[in-house]
Amino acid sequence: MDERTLAFINLHAVLGGLAKLCELDGECKKLIEGKEISIGISVKDGPEGTIRFSGGACTVTPGIERCDIKLPFSSCKKFNGLIDGTVTPIPSKGFTKIGFLLHEFTKLTDKLTEYLRPAEGALEDPQFFEISTTIMFHLILDAIAQIGDEDKVGRASASYIVDGDVRLAIEGGPEGYIHARDHVLTAVHTPTETPTSCMVFTSMRAARDLFDGKVNGVVCVGQGLVRMSGMISMVDNVNRILDRVSMYLA
Amino acid sequence: MKKVYEYPKSRAAFERACKIIPSGIYGHQGPAEGCYIPVEAFPLYSSRAQGSYLWDLDGNKFIDYMAAYGPNVLGYNDPDVDEAAARQRAISDCTTLPNPVMIDFADLLVETVNCADWAFFAKNGNDVTTCAVMTARAYTHRKKIVFFKGYYHGVSPWTQKIDYAGILEEDVANNLYVTWNDFDGLQEVFEQNKGEIACVIAQPYMHGNFADNELPARGFWQKVRKLCDDTGTVLIIDDVRAGFRLDIAGSDHYFGFKADLICFCKALANGYNVSALCGQEFLKNAVSSLSFTGSYWMSAVPFAAGIACIQKMKRLNCPQLLIDQGTKLKNGLIATALKYGYDLHVSGVPSLFYLRIADDPTLMLHQEWIAECVKRGVFFTNHHNHFINASLTDEDIEDTLEVADEAFSVIKERHS
């Protein structure tokens, strides 16, 4: 596993999950109400991104221009340590706003962890199940793009993906797509009107079981729980990247 | 109107299989790799087969254009091949000492295949492509292999890609990739890897999936042959898929050059399990030096079947027959598509035709049409080349065109 790729996943996919969290979880939505603040994360030889809370929503975008709080990390390993809880960040900018980092932001990341690593029995609550699965879906979408662009083996898979949009969707649930151009992958969290290929989970349960590794994707295709169509070589290669998502997020 | 098939017994069998067999049906004959889109349109198990037809578990009859993905070259249960196999089975099959029918089969291959001075037998295509690469490495004492992008040479780690499950970077570290028909690119790769390339391995033309199949450019193979000669590189033709459907003497002969090694499997024995690596005299000692064998590789029954199959293919002038029938089907399908305003591309050699409705580059329309054909009793696939077999009649072709017509009308109405 490559620390640099993991750092890109942690910033854009895992912390990227804050955006959906603040949209879907009422408590979190309330927590950021009226907040106008941004946290820039700068990782040496790694990713840079800004988590911005504004107008009652959260966005995560590349680059750290005009951030209120800046968190520098001397290496990808150090930043990855922040995500697994072994490293405490020290801001280089925005000391007066550190309260947000220590209180609201910590509450948000704790809540995100609850959804991404649910306690035993938590998924029995239908609302929790839906939010957790939706956040996970979008996280996976982002992770696919990061791995396809950064990981050596993922880049090999991306090199076989022709230009176009791979639609990923859960029937009655979230959807988005991977946009491929010149073998560079971008995750987009809205529906595409012009998919080149599709991979559709027929239910939240089917998607969840696949995400959790409880069932096998090939079997699900045979059982009609996952439906593929269009340029199947694209889906095939996205699936190869998907295999690496579980390795990185394990 | 044709009857639209349903497959409750196939589905039930698949559910049963999923509990005890990985993927239910793994590999290219399963619903995922087989691109059964939508899965409900396709049968999953067969109950019997005869000639050009197979019947599924629900009793639905299909004209089968996949021919077991190639092995069925004369027709399922060909009486001549089956009789030869039965005769040999009554004598011996898998024994401690091989039966001399093995020598007879090698003799026949040497006599039939243009580049063959010897024959080495195994079971699957992958066995002999692997044997060919090992032979090239043993002979040249070099490690690198040149592939043409879009290739398929089996499932051993060396044939796979770095991102495939279970494959190590080291497994494919010596693989070099060149675009099909790009001779300049090939030359450049040779220049960059001087003295390191053991072999070039290629199918006789590009019959990759999800794209129109591409024949060699004029003079391409002759230039590749010369480059290999000039650099002491072994030229391997993987004729597992196309073998005997283009030319009884091998597909290299069809395209006017001579391979150093040629791999056969599918059409070799009309479904009996045997594969063969044939090659030129100068490589015989290198093959002999390999440690490469298998429990069933000298079974006599498939050898007897192979002899009968090749003799019958010769009597029928099988490759030409298959090309002629394929051409009739190709022309009929193109005309039928045109009737509905569709641009159906039929590529590759007609005995191994590949289909694609070119009006929709995403292939979704094509997948819909294939599904409607399958549901009406014509087993096409949406991603892979097809295979004509010698028992296919003009009446079968007429029936196929009727089904194709109805399937086009269904998708036309759906999208109008």
# chains A, B, ... in the order shown; residues from 1 in each chain; ligands from 1
>>> select_by_dssp(residues="range 26-168 of chain B", states="strand (DSSP E)", output="list in words")
Ser46, Ser47, Arg48, Ala49, Gln50, Tyr53, Leu54, Trp55, Asp56, Lys61, Phe62, Ile63, Asp64, Trp118, Ala119, Phe120, Phe121, Ala122, Lys144, Ile145, Val146, Phe147 and Phe148 of chain B
>>> interface_residues(of="chain B", to="chain A", cutoff="7 Å", atoms="only C-alpha atoms", output="PyMOL selection string")
chain B and resi 23-24+31-32+37+39+162-164+362-364
>>> select_by_dssp(residues="range 43-106 of chain B", states="alpha helix (DSSP H)", output="list in words")
Pro79, Asp80, Val81, Asp82, Glu83, Ala84, Ala85, Ala86, Arg87, Gln88, Arg89, Ala90, Ile91, Val101, Met102, Ile103, Asp104, Phe105 and Ala106 of chain B
>>> atom_distance(atom1="CA of Thr192 in chain A", atom2="CA of Val166 in chain A")
8.7 Å
>>> residues_around(residues="Asn124 in chain B", least_positions_apart="5", cutoff="8 Å", atoms="only C-alpha atoms", output="NGL selection string")
:B and (265 or 273-275)
>>> write_last_selection(atoms="C-alpha atoms", output="CSV table (one decimal), in the first residue's frame")
chain,number,residue,atom,x,y,z
B,265,CYS,CA,-6.6,-25.9,-28.9
B,273,ASN,CA,-9.9,-31.9,-24.5
B,274,VAL,CA,-6.5,-31.6,-26.1
B,275,SER,CA,-4.2,-28.8,-27.1
>>> closest_residue(among="A:Pro47, A:Gly148, A:Gly85, A:Gly16", to="Val184 in chain A", atoms="only C-alpha atoms")
A:Gly148
